2 protein chains.
Amino acid sequence: MSYEDLLGFVRETEALSQVAGRLSWDQETVMPRGAADQRAEESAALSHVLHQRRTDARLEDWLAQIDDAALDPMGQAVMRHVRRDFDRTRKLPPKLASDLARLTSRAQGIWAEARAAGDFAAFAPTLAEVVRLKREEGAALSAGGDVYDALLADYEPGTTAAELDAMFGALRPRLVALREAVLDRPDPGGVSGTFDETAQLAMSTKVAEIFGYDFTRGRIDKAVHPFSSGSGADVRITTRTAADDPFNCLYSTIHEVGHATYEQGIDDAYALTPLGQGVSMGVHESQSRIYENQLGRSRAFTGWLYGQMRDAYGDFGVADEEAFFAAVNRVQNGFIRTEADEVQYNLHVLLRFDLERALISGDLEVADLEAAWNERFEKDFGFAVDRPANGVLQDVHWSVGLFGYFPTYTLGNVYAGCLYGGLRDAVPDLDDRLARGDLSAATGWLRENLQRHGGLRPPRETIELACGMVPSEGPLLDYLEEKFGALYGL
Amino acid sequence: MSYEDLLGFVRETEALSQVAGRLSWDQETVMPRGAADQRAEESAALSHVLHQRRTDARLEDWLAQIDDAALDPMGQAVMRHVRRDFDRTRKLPPKLASDLARLTSRAQGIWAEARAAGDFAAFAPTLAEVVRLKREEGAALSAGGDVYDALLADYEPGTTAAELDAMFGALRPRLVALREAVLDRPDPGGVSGTFDETAQLAMSTKVAEIFGYDFTRGRIDKAVHPFSSGSGADVRITTRTAADDPFNCLYSTIHEVGHATYEQGIDDAYALTPLGQGVSMGVHESQSRIYENQLGRSRAFTGWLYGQMRDAYGDFGVADEEAFFAAVNRVQNGFIRTEADEVQYNLHVLLRFDLERALISGDLEVADLEAAWNERFEKDFGFAVDRPANGVLQDVHWSVGLFGYFPTYTLGNVYAGCLYGGLRDAVPDLDDRLARGDLSAATGWLRENLQRHGGLRPPRETIELACGMVPSEGPLLDYLEEKFGALYGL
């Protein structure tokens, strides 16, 4: 029994986990539709194998016998991940784990039907059962500590709801105020016309390359929802197109390229170990968002992009670079989180964070969730939700048991704000480069200072080391107020 | 311990085996090229899981405790497969199995290099080691019986080399004579011009549908080598195109559709059990070959196809249906098995069968293999091999340890000949239907009488039941002599 034995076992588990990811990619992109039932059995068989490995009796022996202090920093980091995962598995009663898996697999379909029917009541009893089991899960994992924190730790280990609450509490009033001020100003307008799909995909491919996506270790396909999948040498992304909105395809691609280059940028030495993937959801989202927003939606880069789009599409109703910058960053009323602009996006997330904490703590009953959602939405956004599909039923997350996941979106934006400060200090001529469509210094800085470390250090430490400061919401707020203040003449 | 427990275990193993197949498909079609090394680890991890399941200690207990006679016919057939597989695994020393896996994985690369360099001597020592280990394997599996038969049983259980030798011995002189007679006659000529790739792929898709390929449970992609992959509800095929030869894409597609519709046609009740896939290589090849040749290259079907091709490509230098029929079935001298016409294909296989039996028995040394190949080739084909890539180094099979595989190609052709007789009796208006591009009666008969049974019965019994006769080489020879006699005016 040695660290090398454990590492061999863990590497094989990680390799099988990559296979499971490949299978999901296949399902979302190329799988024949008639194969769905058989695929469910194939995926379940592989999940069963992975579960058996994560609960393998040898792990306990290895963990008891290995002296972490005798290992090098990489070994110690691997042990930290393995011990945490094993501890989690050990704490969770097997029956609760299988009850949750069965329920959430069923609940997703019930949610989709309720959403289509616009009937929250049809979903409420199922969601109540999900909440009940997630509270049980959180209680088992927390071992007497905070239940919500225990759920959050699955996505953002080392961060507490109290920390997020302080951060988000400072965000909310300034975002609400910024939103109101911006929407009081004239609408700058957007693009017009239709945009050829082949040209959109070609431009996305070109921009993905410019942002450093390595096509020899990845590929782009079309799918209903954009996503990034896989780690190491095989990191694939998907995109989608809308004929009247070229930004949908373009910016969802840049977003996924942020996720994917993070995975591609991790030190090869960590491949197929627990260090060989993005360290947390929040840190992952910091990469997708800084690529998409602070870089991709900057005045400098959109200036270059405008020329590219004119070359590709001719006249699309936008007169010059300034008008294009405004069109890319147009702020409009809307119900849907995934379609929200930079100013409003985090308000959507904060709403979900507060409501899901109240559900888990028991302060809010599922029966009262729709009313609570609608009340909070009107308070922050100034108009009423018109139907459940535009409100409480819009996101899949809760149906599949993702509680503690939403706040990592905003945490990622906060981290992106901090990283952007560090990046600007390190690359003084950043805007000149972006204006030439040259992303290499920016993506190179992120790779060198953050991405390559993978899971070597805990998430917060990873961010602090990269941006040289204790992360806070200040830089994000300053950035948003400055950018949108200038854009809207505030 | 019950049959139900065993079946649950076996179903999960089959599901994982399908995942492994999906991973291979991915590797040959869509995998980014930089992912090869990581993929090797992913595939090895999955192979390891499959190996562990095939040697799982519980299997021995189940097999000891289950009373096969108390089961229904399906259960008895499942037990027959499971007992045979377990018996094979038990007989094979684990070290020999891993030595073979390591050697053949290395040998394929050495073969490819030797082939490119045209240097058999560079491959010979490695091949000698493969032969040595395959003889060991055959000896371990045969337990005192015929060594080659034990290897053959991996691909065609229930058939012996002695039976094949008698069958092939009757084939060879008549095929050699037919070949000589045909090549004495004037060359009918082929197509001319270039054929648009998109149009070729569209025609292949159309023809695949006509031959009964279910695209809701499959898909066609391009790959370097055409293949069929997967069972049940997810059976994918690949094809390739050559700008000057539309038949390459078209007939390799029909061939793979034969394999794939066999898998798709198996009774749903057998899915993810050992009965849920084609019962042997020979039976599989009977389906691909009857689709491709007896049906796809028939006078009746090519008459319909000619009209389709004129519509798609305009004038391609073939005057009428008769000339087109001759062009599709053109017989020409050639070195390469995979490019051979119906008359010569089996002569290529017979050569390999005789040489590989001699290698395994020890009658032929690897050092003498090239000379033996060249001598035999000139004897049957009437001209000399010009270089190893056109001779002894042309096929990958031996490098990866496939001994006993080659004869199943010709056995499949023999089976196709017998099935074609049964089909003609059952569908008297077959030619009228083919002439209208209507394959439904033919593919329906094959599905009903052969394909749907999957692995329910042993291979020979499966064929006998379908064609109502003890299979022999007679029908294939009669069919070839009649078809090519008429075509070449013999």
# chains A, B, ... in the order shown; residues from 1 in each chain; ligands from 1
>>> closest_atom_pairs(of="chain B", to="chain A", cutoff="7 Å", atoms="only C-alpha atoms", output="tab-separated table")
residue	atom	partner	partner_atom	distance
B:Glu12	CA	A:Ala45	CA	5.5
B:Ala15	CA	A:Glu42	CA	4.7
B:Leu16	CA	A:Glu42	CA	6.1
B:Val19	CA	A:Glu42	CA	6.4
B:Pro32	CA	A:Arg217	CA	5.2
B:Arg33	CA	A:Thr216	CA	5.7
B:Gly34	CA	A:Arg217	CA	4.9
B:Ala35	CA	A:Ala233	CA	4.8
B:Gln38	CA	A:Ala233	CA	6.4
B:Glu41	CA	A:Ala15	CA	6.6
B:Glu42	CA	A:Ala15	CA	4.7
B:Ala45	CA	A:Glu12	CA	5.5
B:Leu46	CA	A:Leu16	CA	6.5
B:Thr216	CA	A:Gly34	CA	5.1
B:Arg217	CA	A:Gly34	CA	4.9
B:Gly218	CA	A:Pro32	CA	5.5
B:Arg219	CA	A:Pro32	CA	6.7
B:Ala233	CA	A:Ala35	CA	4.8
B:Asp234	CA	A:Ala35	CA	5.3
>>> residues_around(residues="Asp187 (chain B)", least_positions_apart="5", cutoff="8 Å", atoms="only C-alpha atoms", output="MDAnalysis selection string")
chainID B and resid 330:332
>>> write_last_selection(atoms="C-alpha atoms", output="PDB file, in the first residue's frame")
ATOM      1  CA  ARG B 330     -15.747  -5.388 -63.753  1.00  0.00           C
ATOM      2  CA  VAL B 331     -13.041  -8.003 -63.091  1.00  0.00           C
ATOM      3  CA  GLN B 332      -9.459  -6.734 -63.201  1.00  0.00           C
TER       4      GLN B 332
END
>>> residues_around(residues="region 299-304 of chain B", least_positions_apart="3", cutoff="12 Å", atoms="only C-alpha atoms", output="number ranges by chain")
B: 207, 210-211, 247, 250-251, 291-296, 307-311, 320-329, 429-439, 442, 483-484, 486-487
>>> residues_around(residues="region 352-359 of chain A", least_positions_apart="4", cutoff="8 Å", atoms="only C-alpha atoms", output="MDAnalysis selection string")
chainID A and resid 131 148 348 363:366 369 372:373 403:404 406:407
>>> write_last_selection(atoms="N, CA, C and O atoms", output="PDB file, in the first residue's frame")
ATOM      1  N   VAL A 131     -36.162  19.076  -2.222  1.00  0.00           N
ATOM      2  CA  VAL A 131     -35.656  19.924  -1.132  1.00  0.00           C
ATOM      3  C   VAL A 131     -35.479  19.102   0.143  1.00  0.00           C
ATOM      4  O   VAL A 131     -34.465  19.208   0.837  1.00  0.00           O
ATOM      5  N   TYR A 148     -26.594  24.341   4.345  1.00  0.00           N
ATOM      6  CA  TYR A 148     -26.402  24.909   3.011  1.00  0.00           C
ATOM      7  C   TYR A 148     -24.916  24.943   2.641  1.00  0.00           C
ATOM      8  O   TYR A 148     -24.535  24.633   1.509  1.00  0.00           O
ATOM      9  N   HIS A 348     -30.201  38.305 -11.166  1.00  0.00           N
ATOM     10  CA  HIS A 348     -30.907  37.024 -11.320  1.00  0.00           C
ATOM     11  C   HIS A 348     -30.328  35.973 -10.364  1.00  0.00           C
ATOM     12  O   HIS A 348     -31.055  35.205  -9.735  1.00  0.00           O
ATOM     13  N   ASP A 363     -37.035  28.299   6.032  1.00  0.00           N
ATOM     14  CA  ASP A 363     -37.719  29.593   6.160  1.00  0.00           C
ATOM     15  C   ASP A 363     -38.751  29.795   5.061  1.00  0.00           C
ATOM     16  O   ASP A 363     -39.671  30.610   5.199  1.00  0.00           O
ATOM     17  N   LEU A 364     -38.574  29.104   3.954  1.00  0.00           N
ATOM     18  CA  LEU A 364     -39.519  29.233   2.835  1.00  0.00           C
ATOM     19  C   LEU A 364     -40.015  27.847   2.443  1.00  0.00           C
ATOM     20  O   LEU A 364     -39.223  26.926   2.265  1.00  0.00           O
ATOM     21  N   GLU A 365     -41.341  27.707   2.322  1.00  0.00           N
ATOM     22  CA  GLU A 365     -41.923  26.450   1.856  1.00  0.00           C
ATOM     23  C   GLU A 365     -42.002  26.467   0.332  1.00  0.00           C
ATOM     24  O   GLU A 365     -42.214  27.535  -0.269  1.00  0.00           O
ATOM     25  N   VAL A 366     -41.877  25.310  -0.285  1.00  0.00           N
ATOM     26  CA  VAL A 366     -41.991  25.239  -1.743  1.00  0.00           C
ATOM     27  C   VAL A 366     -43.333  25.801  -2.212  1.00  0.00           C
ATOM     28  O   VAL A 366     -43.426  26.452  -3.256  1.00  0.00           O
ATOM     29  N   LEU A 369     -42.979  29.351  -2.911  1.00  0.00           N
ATOM     30  CA  LEU A 369     -41.799  29.746  -3.695  1.00  0.00           C
ATOM     31  C   LEU A 369     -42.148  30.653  -4.871  1.00  0.00           C
ATOM     32  O   LEU A 369     -41.460  31.650  -5.125  1.00  0.00           O
ATOM     33  N   ALA A 372     -42.845  34.126  -3.697  1.00  0.00           N
ATOM     34  CA  ALA A 372     -41.616  34.762  -3.216  1.00  0.00           C
ATOM     35  C   ALA A 372     -40.741  35.183  -4.393  1.00  0.00           C
ATOM     36  O   ALA A 372     -40.134  36.257  -4.385  1.00  0.00           O
ATOM     37  N   TRP A 373     -40.663  34.310  -5.403  1.00  0.00           N
ATOM     38  CA  TRP A 373     -39.887  34.632  -6.615  1.00  0.00           C
ATOM     39  C   TRP A 373     -40.436  35.902  -7.265  1.00  0.00           C
ATOM     40  O   TRP A 373     -39.689  36.846  -7.558  1.00  0.00           O
ATOM     41  N   PHE A 403     -28.521  22.540  -5.604  1.00  0.00           N
ATOM     42  CA  PHE A 403     -28.655  23.599  -4.600  1.00  0.00           C
ATOM     43  C   PHE A 403     -27.250  23.944  -4.113  1.00  0.00           C
ATOM     44  O   PHE A 403     -26.498  23.048  -3.725  1.00  0.00           O
ATOM     45  N   GLY A 404     -26.917  25.240  -4.150  1.00  0.00           N
ATOM     46  CA  GLY A 404     -25.547  25.646  -3.826  1.00  0.00           C
ATOM     47  C   GLY A 404     -24.727  25.904  -5.076  1.00  0.00           C
ATOM     48  O   GLY A 404     -23.559  26.272  -5.002  1.00  0.00           O
ATOM     49  N   PHE A 406     -26.005  27.874  -7.926  1.00  0.00           N
ATOM     50  CA  PHE A 406     -26.256  29.220  -8.485  1.00  0.00           C
ATOM     51  C   PHE A 406     -25.241  30.275  -8.019  1.00  0.00           C
ATOM     52  O   PHE A 406     -24.737  31.033  -8.849  1.00  0.00           O
ATOM     53  N   PRO A 407     -24.943  30.360  -6.713  1.00  0.00           N
ATOM     54  CA  PRO A 407     -24.061  31.467  -6.295  1.00  0.00           C
ATOM     55  C   PRO A 407     -22.678  31.420  -6.935  1.00  0.00           C
ATOM     56  O   PRO A 407     -22.013  32.461  -7.013  1.00  0.00           O
TER      57      PRO A 407
END
>>> atom_distance(atom1="CA of Leu305 (chain B)", atom2="CA of Glu197 (chain B)")
17.4 Å
>>> residues_around(residues="Ala181 (chain B)", least_positions_apart="2", cutoff="10 Å", atoms="only C-alpha atoms", output="JSON, numbers by chain")
{"B": [175, 176, 177, 178, 179, 183, 184, 185, 484, 485, 488, 489, 490]}
>>> residues_around(residues="Pro157 (chain B)", least_positions_apart="2", cutoff="12 Å", atoms="only C-alpha atoms", output="PyMOL selection string")
chain B and resi 80-81+84-85+88+149-155+159-161+279-283+404-405+408+455+457-461
>>> residues_around(residues="region 377-390 of chain B", least_positions_apart="3", cutoff="9 Å", atoms="only C-alpha atoms", output="list of chain:residue names")
B:Ala114, B:Arg115, B:Ala116, B:Ala117, B:Gly118, B:Asp119, B:Phe120, B:Arg172, B:Pro173, B:Val176, B:Arg179, B:Glu180, B:Asn333, B:Gly334, B:Phe335, B:Ile336, B:Gln344, B:Leu347, B:His348, B:Leu351, B:Glu370, B:Ala372, B:Trp373, B:Asn374, B:Leu393, B:Gln394, B:Asp395
>>> closest_residue(among="A:Asp5, A:Leu141, A:Ile360, A:Leu477", to="Pro93 (chain A)", atoms="only C-alpha atoms")
A:Leu141
>>> select_by_dssp(residues="region 203-260 of chain A", states="helix (DSSP H, G or I)", output="list in words")
Met203, Ser204, Thr205, Lys206, Val207, Ala208, Glu209, Ile210, Phe215, Thr216, Arg217, Pro246, Phe247, Asn248, Cys249, Leu250, Tyr251, Ser252, Thr253, Ile254, His255, Glu256, Val257, Gly258, His259 and Ala260 of chain A
>>> atom_distance(atom1="CA of Gln65 (chain B)", atom2="CA of Pro94 (chain B)")
25.2 Å
>>> select_by_dssp(residues="region 32-271 of chain B", states="strand (DSSP E)", output="tab-separated table (two decimals) with N, CA and C atoms, in the first residue's frame")
chain	number	residue	atom	x	y	z
B	220	ILE	N	-24.36	7.88	-40.28
B	220	ILE	CA	-23.23	7.62	-41.17
B	220	ILE	C	-22.25	8.79	-41.07
B	221	ASP	N	-21.00	8.48	-40.84
B	221	ASP	CA	-19.95	9.50	-40.83
B	221	ASP	C	-18.82	9.05	-41.76
B	222	LYS	N	-17.96	10.01	-42.06
B	222	LYS	CA	-16.78	9.66	-42.86
B	222	LYS	C	-15.65	9.18	-41.95
B	228	SER	N	-18.68	-0.75	-39.23
B	228	SER	CA	-19.95	-0.70	-38.52
B	228	SER	C	-19.65	-0.91	-37.05
B	229	SER	N	-20.38	-0.23	-36.17
B	229	SER	CA	-20.02	-0.21	-34.75
B	229	SER	C	-21.26	-0.13	-33.89
B	236	ARG	N	-23.78	2.48	-35.66
B	236	ARG	CA	-23.29	3.52	-36.56
B	236	ARG	C	-22.37	2.94	-37.63
B	237	ILE	N	-22.40	3.54	-38.80
B	237	ILE	CA	-21.47	3.10	-39.84
B	237	ILE	C	-20.66	4.29	-40.34
B	238	THR	N	-19.56	3.97	-40.99
B	238	THR	CA	-18.74	5.01	-41.62
B	238	THR	C	-18.54	4.65	-43.08
B	239	THR	N	-18.19	5.66	-43.85
B	239	THR	CA	-17.91	5.45	-45.26
B	239	THR	C	-16.79	6.38	-45.68
